[in-house]
Amino acid sequence: MLNYILRRLLVMIPTLAAISFLIFFIIELPEGDYISNQISMLRSTGESASIGRLEFLRKEFALDRPFVERYGIWVGFWPGPNGFDGLIQGNWGWSFEYDQPVGEVVGPTLPLTVALNLATILFIYCVAFPIGIYSATHQYSVGDYTFTLIGYLGLATPNFLLALVLMYLANSLFGLTVGGIMEEHYIGEPMSGGKALSIVAHLIVPVIVIGTSGTAAMIRRLRANLLDEIYKQYVTTARSKGMRESKLLVKYPLRVALNPFIADIGNLIPSLVSGSVIVSVVLNLPTVGPVLLGALQSQDQFLAGFILLFVSILTLIGMLVSDVLLGYLDPRIRLGKEGARQ
Amino acid sequence: MRKLGLLTMVVMFISLTVPAVSGALVLKETPGIPPGLPSVVDRVPKEPLVTYPDDIGRVIGVQGGALHTLISRPKDVRLINVWGYARLVGYNENLELNPDILESVDNHYDKVFTLNLREGHKWSDGSSFNAEDFRFWFEDVALNEELNPIGLPGFMLVDGEGPEFSVIDETTVRFEWHEPNPLFLQELAKARPPFIYRPAAYMKQFHEEYGNPEFIRQIARIEKVRGWAPLFNRMDDMYGASNPHIPTLQPWVPRNTSGDRRAVMERNPFFHRVDSAGQQLPYIDRIIMDVVDGKLIPAKTLAGESDLQARGLGFSDISVLKRGEQTQDYDTRLWLNSKGSEISILPNLSVKDAVWRKLMQDRRFRHALSLGIDRELINKVLYFGLGRAGNDTVLNISPLYQPDFQTAWAEFNPELANQLLDDIGLTDRRGDGVRLLEDGRPLQLIIETTGESAEQDDALELVAETWKEIGVSAFIRPSQRDTIRARALSGALMMSVWSGFENGVPTADMPPIDYAPTREDFLSWAPWGNYYESDGHAGVKPDWPPAIRLIELFDQWLVSSSFEERDMIWEQILQIHADETIHIGLVNAVRQPVVVMGLLNVPEMGIYGWDPGAQFGIHRMDLFFFEDLLPDEDDLPH
Amino acid sequence: MSPGERGEDKAEHYVNPKGFDPKDVEILTREQERYYQAPQWKIIWWKFRKHKLAVLSAIILFFFYLCVPFAEIIAPYPVAKRNVDFLFAPPQAIHLFHEGKLVGPFVYGLNPSVDLENLKWVYETDTTKVQKIRFFCKGEPYKFWGLFPASFHVICPAKDGTLFIAGTDRLGRDQYSGLVYGARLSLTIGLVGVSISMVLGVLLGGLAGFFGGWIDSSIQRVIEIMRSLPELPLWMALSAALPITWSPVWIYFGLTVILGLLDWPGLARAVRSKLLSLREEEYAKAAALMGASPSRIIVKHLLPGFTSHLVASATLSVPAMILGETALSFLNLGLRRPAVSWGVLLNEAQNISVVTIYPWLMAPVIPIIIVVLAFNFMGDGLRDAADPYK
């Protein structure tokens, strides 16, 4: 097992290299850079006094070098204006928009990003699990159709609009502040019971909104898996032996059908991050989402690049974790996978 | 209003009167001031700036309270230094220039400026504000090549030469030019002023020549910058409010513990203004800015989460805000936007294509385009008819206003427009009625927009429709600022849409920069502006008589030394704009919603603008206070 | 077995004198016979037909897709037509009876006025003005496909009347007509995107699955990289890179390419694993032994084996692309006016004024939900039907 994990980690290195290059390429695609945009902004408001300072930044961050060199400097295998100083050396870059190191911009948003995504995963599991089982055991019943329809409705409603409407309702019906992660007066205060409650209350809407889109897919997969299992010989055998229906279900088919829950962690992470980006923008949640959007729009390239890279790494780790878990739970998969790789 | 601009006189007058009055004033201690600070008498300058609220239609207020407002990005924290609007000299609500931080200015024919500081004036950390702060800036910052590779800022240069600077005594400094520099004081009063002084005591520790090298190295490592110059530039943030440690002279000081999503500003206990009752200003203790997505600002304002809000609110939000007044205790005031025009169509007079350039420079063509626009309809559709249909020029509250500037060639008259176009010789038409140029191409105008404003796009659609009637086809192409600027400079741009003149309420003392081809980012004549800006080293020499005349007039303004002279120059400039329809303005005097919750001393009606105006700045935000802090009627000692 | 041994074990040759009648063993009804002799696509159709919801979805989608070629005819107003007297007009209810008498479908006239106190438009329904809706009529002139001038509509307002089934927006543009025209872009963006992703997916997945070896592992790596990139942020980054100066048509194609480019790995994976298993089948080996080229084997022998699967999974990724377009347009990274798509319409509906005062501007959500649901149900039906012999 340890060997397997090690090998997987080794494979991740070239993958990461490729990803970082791809990301750098993408964020450098738009014409111009942050500095030239800012200069024209300042000119338009007549604030030309600080243009000199911006030109200074352009040199400092090697924005005047050719593309490949800039990439090398960013990653840290090419000497920049101040020697080797890039991602590898632990310098995550500089955010022009915030005028701070990237780490300090992204850092504070991480706990909430993780919390939101974890809560959403939990929500998806809690909703999808019972519904999936019910739908599979009561195939083609009214309940099956209703639940499936609700699940699909969640999938079909554009996230941002649902968020907007729910946010407005939460405000007018329950008096929650519009958007944000807590009542404003708690910001910057130490953690307390009231603050925690406020955070939980504000998490409900985003979790539902992001979760709905993931739930439908999960229900569909669980239902299909269970249906496959239920009609297998061993189930029929057990049933013919007089085993109780509920016990029968829990004992065997369910365990097999659980696989997607684990296997999907890897897939779920990128899709949740996607979902949380747009919902966070609408609901004004301080996750990495709005930061990323802002960075992309203002061409704050190092910030955007780092966040994209960071999310990709998260996904890679998520995939690894789900593979390891699966292998742990189901020896067939582990052996099959390793066999295929050799 | 004509006397507004009598700058020198006003300055002299105030410098004489202020000391006489404040002698009788008894200062009251501010409640809740942190312990350990000196008493109020020692905190304010010997001669503080005394404000008489009654004289400007306000009332004496009560100190205290925290004001919540919303900003859309962390960077907007800088607005605290705009709204606070403590300047060496600043505009008042009537756009008169008065000394503020300075006790007085002696202005000798715009050539020699002697700045008199207030004795005993202190920075927000309690250190003394004196002539050394000016000297430090001029000699060690502005002229330091590592900090400022391009040298002195443009407004300090007359014919490329900087001033002579001298320290007269502890509270007096002098800037001296050989030729007049009428820009100097105007520049100091801007929303984003050039801060020609620095807290020397604090900043010196980061300066190579004064600081401890080991200390500088350590701090640089913590701040993740390399070398002293970037460190100095990073710490030296008088405007952005990003460094809570740098002392300031503004009414509110950023508190250093506020996070990314929320910024808290505390009152400056050493602020130099007091009211006539002897209370130190500002009235409000604390300003709290919450960062929220721009799109959420109307919703959060509607939910009563802001005490004072204009940023992030637009005309289209008024309906919903008014509706919310029924359930929330706020008040939506409609201030006046001070731009020359809300939306202005800018033909590029220096477009490269020879055929088009000839047409653009033909005044009849621009008149025809202007006459082919139904401005009243646009006003009705976009602004409920609340704006004023007319040209892009000065507003009627400016002392320079003349009705003709506003209305010349601005009525909707398609017949006359068609007549004019026929006169030019554009008589051939395509099958669908679009006229043909002399070389047979269709008369199709490509108007580039920034795509940032839905209102601009909507207005253009309406314009394009009525232009069809005069045989002009318009194609709207969304683009972005940068691209449009670059295309204007290269002459590829044909026409663009922008908001009108930034300063729609000038006095004769304000420089007519916007109104002549003086800068490369003016989209009507970018190459000419570039030529002027670069002293003929780049760009294109203007070949269009009105533009040449406008530059002459602007140059005359720069060397003018009397108010009357400037007034005359302005009038000629505005007349040229009215006669030539250089900008095709659509609607001006559009309202800006300002939501006020529980605050007193906020004017019912005011102008809302950046320069001049500093948004709330000229309306004296330090006088705003909370109504619920007023003692009950019965308790008042009558 | 060597030939020598063969003779010794050989059983005596025997032929059943009765002959073989297959029907003797298993008697097939006519239906069964039809079933077993039917070509694959026919069986798929039969199975699909049984899935009622899927069939219904297919019909609904068909009607929606009619908007793509015939938007000008279906919509009562041209998309850019502004009715400046009716700004933010609420939807007009369609009535049948006027004062107890059957008149046929009609709307009551609207009297606009402006409320300067609250700064909003107020509309009074004037029940004396009966405006009968006309069908198959001549109305607002337009250019069909931007080429041929015409004025025929399926539905028109009464002469001098108005017909705002879903209200109007801030410039008085009819929202219902906007929806019809918006379908043109929103519905095709998914199809074009999926086609791109299918071509890429089949090509790369096919290469990987058939050749194996280093081709397989390098394509696998690419797939892994693509899958570890979060979709929406990547869409955002790429569409932020689309030059804003492009014309709407180019932006549209740019978007479809972006959506398609990021979608293929899933398909490629499926194709690869299917090919891996099918390649081991006897008939594939037989073809190879007979000297068929790899491309011929893939295209002629293997692909037909799972085309139906491909179609089904493609159907299921169309809705994701439709939603993707709306999300991008919502974030101002996608299409912009004058192009009209459902996402563009929703982008204009994202402020609090709309939610509280002009809720009808959120109407584009309804077709989006219906279309996405329909695609999902149809995809489910297709997938179930795709394996007819199961």
# chains A, B, ... in the order shown; residues from 1 in each chain; ligands from 1
$ interface_residues --of "chain C" --to "chain A" --cutoff "10 Å" --atoms "only C-alpha atoms" --output "JSON list (two decimals) with N, CA, C and O atoms, in the first residue's frame"
[["chain", "number", "residue", "atom", "x", "y", "z"],
["C", 217, "SER", "N", -0.59, 5.60, -22.55],
["C", 217, "SER", "CA", -0.23, 6.20, -21.27],
["C", 217, "SER", "C", -0.10, 7.71, -21.39],
["C", 217, "SER", "O", -0.44, 8.44, -20.46],
["C", 221, "ARG", "N", -2.28, 10.40, -19.31],
["C", 221, "ARG", "CA", -1.74, 11.51, -18.51],
["C", 221, "ARG", "C", -2.51, 12.79, -18.81],
["C", 221, "ARG", "O", -2.92, 13.51, -17.91],
["C", 222, "VAL", "N", -2.69, 13.05, -20.13],
["C", 222, "VAL", "CA", -3.39, 14.27, -20.51],
["C", 222, "VAL", "C", -4.78, 14.30, -19.88],
["C", 222, "VAL", "O", -5.22, 15.30, -19.32],
["C", 224, "GLU", "N", -5.75, 12.81, -17.23],
["C", 224, "GLU", "CA", -5.63, 13.03, -15.78],
["C", 224, "GLU", "C", -5.43, 14.50, -15.46],
["C", 224, "GLU", "O", -6.03, 15.06, -14.56],
["C", 225, "ILE", "N", -4.56, 15.14, -16.29],
["C", 225, "ILE", "CA", -4.32, 16.57, -16.07],
["C", 225, "ILE", "C", -5.60, 17.36, -16.27],
["C", 225, "ILE", "O", -5.97, 18.20, -15.45],
["C", 226, "MET", "N", -6.29, 17.07, -17.36],
["C", 226, "MET", "CA", -7.51, 17.82, -17.65],
["C", 226, "MET", "C", -8.54, 17.64, -16.55],
["C", 226, "MET", "O", -9.26, 18.56, -16.18],
["C", 227, "ARG", "N", -8.61, 16.42, -16.04],
["C", 227, "ARG", "CA", -9.64, 16.16, -15.03],
["C", 227, "ARG", "C", -9.32, 16.77, -13.68],
["C", 227, "ARG", "O", -10.21, 16.98, -12.86],
["C", 228, "SER", "N", -8.05, 17.07, -13.46],
["C", 228, "SER", "CA", -7.73, 17.65, -12.16],
["C", 228, "SER", "C", -7.90, 19.16, -12.17],
["C", 228, "SER", "O", -7.72, 19.81, -11.16],
["C", 229, "LEU", "N", -8.23, 19.71, -13.34],
["C", 229, "LEU", "CA", -8.47, 21.15, -13.37],
["C", 229, "LEU", "C", -9.95, 21.39, -13.09],
["C", 229, "LEU", "O", -10.80, 20.80, -13.73],
["C", 230, "PRO", "N", -10.24, 22.26, -12.15],
["C", 230, "PRO", "CA", -11.64, 22.54, -11.86],
["C", 230, "PRO", "C", -12.29, 23.23, -13.04],
["C", 230, "PRO", "O", -11.72, 24.17, -13.61],
["C", 231, "GLU", "N", -13.46, 22.76, -13.40],
["C", 231, "GLU", "CA", -14.11, 23.20, -14.63],
["C", 231, "GLU", "C", -14.36, 24.70, -14.70],
["C", 231, "GLU", "O", -13.84, 25.39, -15.56],
["C", 232, "LEU", "N", -15.15, 25.18, -13.75],
["C", 232, "LEU", "CA", -15.61, 26.56, -13.88],
["C", 232, "LEU", "C", -14.45, 27.56, -13.82],
["C", 232, "LEU", "O", -14.37, 28.45, -14.67],
["C", 233, "PRO", "N", -13.54, 27.43, -12.84],
["C", 233, "PRO", "CA", -12.42, 28.38, -12.85],
["C", 233, "PRO", "C", -11.66, 28.35, -14.17],
["C", 233, "PRO", "O", -11.24, 29.40, -14.66],
["C", 234, "LEU", "N", -11.54, 27.17, -14.75],
["C", 234, "LEU", "CA", -10.82, 27.09, -16.01],
["C", 234, "LEU", "C", -11.63, 27.76, -17.13],
["C", 234, "LEU", "O", -11.09, 28.49, -17.96],
["C", 235, "TRP", "N", -12.92, 27.50, -17.14],
["C", 235, "TRP", "CA", -13.78, 28.20, -18.10],
["C", 235, "TRP", "C", -13.60, 29.69, -17.95],
["C", 235, "TRP", "O", -13.48, 30.43, -18.90],
["C", 236, "MET", "N", -13.61, 30.11, -16.68],
["C", 236, "MET", "CA", -13.51, 31.54, -16.41],
["C", 236, "MET", "C", -12.19, 32.07, -16.96],
["C", 236, "MET", "O", -12.17, 33.10, -17.66],
["C", 237, "ALA", "N", -11.11, 31.37, -16.66],
["C", 237, "ALA", "CA", -9.81, 31.86, -17.09],
["C", 237, "ALA", "C", -9.75, 31.93, -18.61],
["C", 237, "ALA", "O", -9.28, 32.92, -19.18],
["C", 238, "LEU", "N", -10.28, 30.90, -19.27],
["C", 238, "LEU", "CA", -10.21, 30.89, -20.73],
["C", 238, "LEU", "C", -11.11, 31.95, -21.33],
["C", 238, "LEU", "O", -10.73, 32.63, -22.28],
["C", 239, "SER", "N", -12.32, 32.09, -20.78],
["C", 239, "SER", "CA", -13.18, 33.09, -21.42],
["C", 239, "SER", "C", -12.72, 34.49, -21.10],
["C", 239, "SER", "O", -12.96, 35.40, -21.89],
["C", 240, "ALA", "N", -12.03, 34.65, -19.97],
["C", 240, "ALA", "CA", -11.47, 35.98, -19.71],
["C", 240, "ALA", "C", -10.40, 36.28, -20.75],
["C", 240, "ALA", "O", -10.10, 37.44, -21.02],
["C", 241, "ALA", "N", -9.85, 35.22, -21.34],
["C", 241, "ALA", "CA", -8.80, 35.44, -22.32],
["C", 241, "ALA", "C", -9.34, 35.71, -23.72],
["C", 241, "ALA", "O", -8.61, 36.12, -24.59],
["C", 242, "LEU", "N", -10.64, 35.48, -23.93],
["C", 242, "LEU", "CA", -11.21, 35.79, -25.25],
["C", 242, "LEU", "C", -11.14, 37.29, -25.47],
["C", 242, "LEU", "O", -11.60, 38.06, -24.64],
["C", 243, "PRO", "N", -10.57, 37.71, -26.58],
["C", 243, "PRO", "CA", -10.47, 39.16, -26.81],
["C", 243, "PRO", "C", -11.86, 39.78, -26.85],
["C", 243, "PRO", "O", -12.73, 39.30, -27.57],
["C", 244, "ILE", "N", -12.04, 40.82, -26.08],
["C", 244, "ILE", "CA", -13.34, 41.45, -25.97],
["C", 244, "ILE", "C", -13.74, 42.08, -27.29],
["C", 244, "ILE", "O", -14.91, 42.27, -27.57],
["C", 319, "PRO", "N", -26.66, 19.43, -21.18],
["C", 319, "PRO", "CA", -27.17, 20.39, -20.19],
["C", 319, "PRO", "C", -26.06, 21.06, -19.40],
["C", 319, "PRO", "O", -26.17, 22.25, -19.08],
["C", 320, "ALA", "N", -24.99, 20.33, -19.11],
["C", 320, "ALA", "CA", -23.90, 20.97, -18.37],
["C", 320, "ALA", "C", -23.36, 22.15, -19.15],
["C", 320, "ALA", "O", -23.00, 23.18, -18.58],
["C", 322, "ILE", "N", -25.05, 23.95, -21.39],
["C", 322, "ILE", "CA", -26.04, 25.04, -21.38],
["C", 322, "ILE", "C", -25.92, 25.83, -20.08],
["C", 322, "ILE", "O", -25.88, 27.06, -20.08],
["C", 323, "LEU", "N", -25.81, 25.10, -18.98],
["C", 323, "LEU", "CA", -25.65, 25.78, -17.70],
["C", 323, "LEU", "C", -24.32, 26.53, -17.65],
["C", 323, "LEU", "O", -24.23, 27.61, -17.07],
["C", 324, "GLY", "N", -23.30, 25.95, -18.27],
["C", 324, "GLY", "CA", -21.99, 26.61, -18.29],
["C", 324, "GLY", "C", -22.08, 27.95, -18.99],
["C", 324, "GLY", "O", -21.54, 28.95, -18.50],
["C", 326, "THR", "N", -24.69, 29.88, -19.29],
["C", 326, "THR", "CA", -25.39, 30.86, -18.46],
["C", 326, "THR", "C", -24.49, 31.35, -17.34],
["C", 326, "THR", "O", -24.47, 32.53, -17.03],
["C", 327, "ALA", "N", -23.72, 30.43, -16.76],
["C", 327, "ALA", "CA", -22.86, 30.85, -15.65],
["C", 327, "ALA", "C", -21.82, 31.84, -16.14],
["C", 327, "ALA", "O", -21.59, 32.86, -15.50],
["C", 328, "LEU", "N", -21.22, 31.56, -17.29],
["C", 328, "LEU", "CA", -20.19, 32.47, -17.79],
["C", 328, "LEU", "C", -20.79, 33.82, -18.15],
["C", 328, "LEU", "O", -20.23, 34.86, -17.83],
["C", 330, "PHE", "N", -23.35, 35.07, -16.89],
["C", 330, "PHE", "CA", -23.70, 35.70, -15.62],
["C", 330, "PHE", "C", -22.50, 36.44, -15.04],
["C", 330, "PHE", "O", -22.63, 37.52, -14.50],
["C", 331, "LEU", "N", -21.34, 35.83, -15.15],
["C", 331, "LEU", "CA", -20.14, 36.45, -14.58],
["C", 331, "LEU", "C", -19.53, 37.48, -15.51],
["C", 331, "LEU", "O", -18.43, 37.94, -15.30],
["C", 332, "ASN", "N", -20.26, 37.84, -16.59],
["C", 332, "ASN", "CA", -19.78, 38.81, -17.55],
["C", 332, "ASN", "C", -18.60, 38.32, -18.34],
["C", 332, "ASN", "O", -17.83, 39.09, -18.86],
["C", 333, "LEU", "N", -18.41, 37.00, -18.39],
["C", 333, "LEU", "CA", -17.27, 36.47, -19.13],
["C", 333, "LEU", "C", -17.73, 35.84, -20.44],
["C", 333, "LEU", "O", -16.93, 35.38, -21.22],
["C", 343, "GLY", "N", -28.36, 33.15, -20.97],
["C", 343, "GLY", "CA", -27.39, 33.63, -19.98],
["C", 343, "GLY", "C", -27.30, 35.15, -20.00],
["C", 343, "GLY", "O", -27.24, 35.79, -18.96],
["C", 346, "LEU", "N", -30.28, 36.50, -18.27],
["C", 346, "LEU", "CA", -30.18, 36.33, -16.82],
["C", 346, "LEU", "C", -29.16, 37.27, -16.23],
["C", 346, "LEU", "O", -29.31, 37.75, -15.11],
["C", 347, "ASN", "N", -28.10, 37.54, -16.99],
["C", 347, "ASN", "CA", -27.09, 38.46, -16.51],
["C", 347, "ASN", "C", -27.72, 39.82, -16.16],
["C", 347, "ASN", "O", -27.31, 40.49, -15.22],
["C", 349, "ALA", "N", -30.58, 40.14, -15.05],
["C", 349, "ALA", "CA", -31.61, 39.93, -14.02],
["C", 349, "ALA", "C", -31.00, 39.67, -12.66],
["C", 349, "ALA", "O", -31.64, 39.14, -11.79],
["C", 350, "GLN", "N", -29.71, 40.03, -12.50],
["C", 350, "GLN", "CA", -29.06, 39.56, -11.28],
["C", 350, "GLN", "C", -29.09, 40.57, -10.15],
["C", 350, "GLN", "O", -28.43, 40.37, -9.14],
["C", 351, "ASN", "N", -29.81, 41.66, -10.30],
["C", 351, "ASN", "CA", -29.78, 42.60, -9.18],
["C", 351, "ASN", "C", -31.05, 42.52, -8.36],
["C", 351, "ASN", "O", -32.03, 41.90, -8.73],
["C", 352, "ILE", "N", -30.99, 43.18, -7.23],
["C", 352, "ILE", "CA", -32.06, 43.07, -6.26],
["C", 352, "ILE", "C", -33.34, 43.72, -6.78],
["C", 352, "ILE", "O", -34.44, 43.31, -6.42],
["C", 355, "VAL", "N", -35.35, 41.01, -8.48],
["C", 355, "VAL", "CA", -35.97, 40.05, -7.57],
["C", 355, "VAL", "C", -37.18, 40.66, -6.88],
["C", 355, "VAL", "O", -38.21, 40.00, -6.70],
["C", 356, "THR", "N", -37.09, 41.95, -6.54],
["C", 356, "THR", "CA", -38.18, 42.52, -5.77],
["C", 356, "THR", "C", -39.24, 43.22, -6.63],
["C", 356, "THR", "O", -40.40, 43.15, -6.33],
["C", 362, "MET", "N", -36.70, 37.31, -14.51],
["C", 362, "MET", "CA", -36.00, 36.06, -14.22],
["C", 362, "MET", "C", -36.56, 34.92, -15.06],
["C", 362, "MET", "O", -36.15, 33.77, -14.91],
["C", 365, "VAL", "N", -35.02, 31.49, -16.50],
["C", 365, "VAL", "CA", -34.77, 30.30, -15.70],
["C", 365, "VAL", "C", -35.69, 29.16, -16.13],
["C", 365, "VAL", "O", -35.29, 28.00, -16.14],
["C", 366, "ILE", "N", -36.93, 29.51, -16.48],
["C", 366, "ILE", "CA", -37.91, 28.46, -16.76],
["C", 366, "ILE", "C", -37.50, 27.62, -17.96],
["C", 366, "ILE", "O", -37.38, 26.40, -17.84],
["C", 368, "ILE", "N", -34.59, 27.28, -19.14],
["C", 368, "ILE", "CA", -33.33, 26.58, -18.81],
["C", 368, "ILE", "C", -33.64, 25.31, -18.03],
["C", 368, "ILE", "O", -33.16, 24.22, -18.36],
["C", 369, "ILE", "N", -34.49, 25.44, -17.02],
["C", 369, "ILE", "CA", -34.82, 24.27, -16.20],
["C", 369, "ILE", "C", -35.47, 23.19, -17.06],
["C", 369, "ILE", "O", -35.09, 22.02, -17.02],
["C", 370, "ILE", "N", -36.43, 23.61, -17.88],
["C", 370, "ILE", "CA", -37.14, 22.61, -18.69],
["C", 370, "ILE", "C", -36.17, 21.90, -19.63],
["C", 370, "ILE", "O", -36.16, 20.67, -19.72],
["C", 371, "VAL", "N", -35.33, 22.67, -20.30],
["C", 371, "VAL", "CA", -34.43, 22.05, -21.27],
["C", 371, "VAL", "C", -33.43, 21.12, -20.58],
["C", 371, "VAL", "O", -33.18, 20.01, -21.03],
["C", 372, "VAL", "N", -32.89, 21.58, -19.47],
["C", 372, "VAL", "CA", -31.90, 20.75, -18.78],
["C", 372, "VAL", "C", -32.55, 19.46, -18.27],
["C", 372, "VAL", "O", -32.01, 18.37, -18.43],
["C", 373, "LEU", "N", -33.74, 19.60, -17.70],
["C", 373, "LEU", "CA", -34.46, 18.40, -17.26],
["C", 373, "LEU", "C", -34.72, 17.47, -18.43],
["C", 373, "LEU", "O", -34.46, 16.26, -18.36],
["C", 374, "ALA", "N", -35.20, 18.03, -19.53],
["C", 374, "ALA", "CA", -35.55, 17.21, -20.68],
["C", 374, "ALA", "C", -34.33, 16.47, -21.19],
["C", 374, "ALA", "O", -34.39, 15.28, -21.51],
["C", 375, "PHE", "N", -33.20, 17.17, -21.26],
["C", 375, "PHE", "CA", -31.99, 16.51, -21.74],
["C", 375, "PHE", "C", -31.59, 15.38, -20.80],
["C", 375, "PHE", "O", -31.15, 14.31, -21.24],
["C", 376, "ASN", "N", -31.74, 15.62, -19.51],
["C", 376, "ASN", "CA", -31.37, 14.57, -18.56],
["C", 376, "ASN", "C", -32.26, 13.34, -18.70],
["C", 376, "ASN", "O", -31.79, 12.21, -18.74],
["C", 377, "PHE", "N", -33.56, 13.57, -18.79],
["C", 377, "PHE", "CA", -34.48, 12.44, -18.90],
["C", 377, "PHE", "C", -34.28, 11.71, -20.23],
["C", 377, "PHE", "O", -34.28, 10.48, -20.29],
["C", 380, "ASP", "N", -31.16, 9.71, -19.98],
["C", 380, "ASP", "CA", -31.39, 8.49, -19.19],
["C", 380, "ASP", "C", -32.07, 7.43, -20.04],
["C", 380, "ASP", "O", -31.68, 6.26, -20.04]]
$ closest_atom_pairs --of "chain C" --to "chain B" --cutoff "12 Å" --atoms "only C-alpha atoms" --output "tab-separated table"
residue	atom	partner	partner_atom	distance
C:Ala80	CA	B:Glu461	CA	8.9
C:Lys81	CA	B:Glu465	CA	10.1
C:Arg82	CA	B:Leu462	CA	8.7
C:Asn83	CA	B:Val381	CA	10.0
C:Val84	CA	B:Val381	CA	6.6
C:Asp85	CA	B:Val381	CA	8.4
C:Phe86	CA	B:Val381	CA	9.5
C:Leu87	CA	B:Val381	CA	7.4
C:Phe88	CA	B:Val381	CA	10.4
C:Ser113	CA	B:Phe384	CA	10.5
C:Val114	CA	B:Phe384	CA	7.5
C:Asp115	CA	B:Phe384	CA	9.1
C:Leu116	CA	B:Phe384	CA	7.8
C:Glu117	CA	B:Lys322	CA	8.3
C:Asn118	CA	B:Lys322	CA	5.4
C:Leu119	CA	B:Ser319	CA	5.2
C:Lys120	CA	B:Ser319	CA	5.6
C:Trp121	CA	B:Phe384	CA	8.7
C:Val122	CA	B:Ser319	CA	11.4
C:Pro149	CA	B:Asp432	CA	11.5
C:Asp169	CA	B:Val381	CA	11.2
C:Arg170	CA	B:Val381	CA	8.0
C:Leu171	CA	B:Val381	CA	6.9
C:Gly172	CA	B:Val381	CA	9.0
C:Arg173	CA	B:Asp458	CA	11.2
C:Leu242	CA	B:Ser479	CA	11.3
C:Pro243	CA	B:Ser479	CA	8.4
C:Ile244	CA	B:Ser479	CA	5.2
C:Thr245	CA	B:Ser479	CA	5.0
C:Trp246	CA	B:Ser479	CA	8.3
C:Ser247	CA	B:Arg477	CA	7.6
C:Pro248	CA	B:Arg477	CA	9.2
C:Ile251	CA	B:Pro478	CA	11.6
C:Phe330	CA	B:Lys295	CA	11.7
C:Leu331	CA	B:Lys295	CA	11.0
C:Asn332	CA	B:Gly451	CA	9.7
C:Leu333	CA	B:Gly451	CA	11.5
C:Leu335	CA	B:Pro478	CA	10.7
C:Arg336	CA	B:Pro478	CA	8.1
C:Arg337	CA	B:Pro478	CA	8.5
C:Pro338	CA	B:Ile476	CA	8.4
C:Ala339	CA	B:Pro478	CA	11.1
C:Asn347	CA	B:Ala454	CA	11.1
C:Glu348	CA	B:Ala454	CA	9.0
C:Ala349	CA	B:Lys295	CA	11.3
C:Gln350	CA	B:Lys295	CA	8.1
C:Asn351	CA	B:Lys295	CA	6.6
C:Ile352	CA	B:Ala299	CA	5.5
C:Ser353	CA	B:Val320	CA	5.4
C:Val354	CA	B:Val320	CA	8.9
C:Val355	CA	B:Val320	CA	9.9
C:Thr356	CA	B:Val320	CA	7.5
C:Ile357	CA	B:Val320	CA	7.0
C:Tyr358	CA	B:Val320	CA	9.9
$ select_by_dssp --residues "region 102-229 of chain C" --states "strand (DSSP E or B)" --output "ChimeraX atom specification"
/C:102-115,120-132,134-144,148-156,168,173-174
$ residues_around --residues "region 64-72 of chain B" --least-positions-apart "5" --cutoff "6 Å" --atoms "only C-alpha atoms" --output "ChimeraX atom specification"
/B:284-294,306-308
$ interface_residues --of "chain B" --to "chain A" --cutoff "8 Å" --atoms "only C-alpha atoms" --output "PyMOL selection string"
chain B and resi 74-75+148-150+153+192+194+224+233+258-259+261-262+290+292-293+295-296+299-300+303+305+481-482+521
$ residues_around --residues "region 512-516 of chain B" --least-positions-apart "6" --cutoff "7 Å" --atoms "only C-alpha atoms" --output "list of chain:residue names"
B:Phe501, B:Ala547, B:Leu550, B:Ile551, B:Phe554
$ write_last_selection --atoms "N, CA and C atoms" --output "compact mmCIF listing (two decimals), in the first residue's frame"
# COMPACT_ATOMS: atom_id res chain seq x y z
N PHE B 501 -17.15 65.28 -19.66
CA PHE B 501 -16.08 65.95 -18.93
C PHE B 501 -16.18 65.63 -17.44
N ALA B 547 -8.70 72.79 -32.76
CA ALA B 547 -7.85 72.13 -31.78
C ALA B 547 -6.61 72.97 -31.51
N LEU B 550 -7.63 75.71 -29.28
CA LEU B 550 -7.88 75.27 -27.90
C LEU B 550 -6.55 75.13 -27.14
N ILE B 551 -5.55 74.62 -27.83
CA ILE B 551 -4.25 74.47 -27.17
C ILE B 551 -3.66 75.83 -26.85
N PHE B 554 -5.38 77.07 -23.86
CA PHE B 554 -4.94 76.34 -22.66
C PHE B 554 -3.57 76.86 -22.21
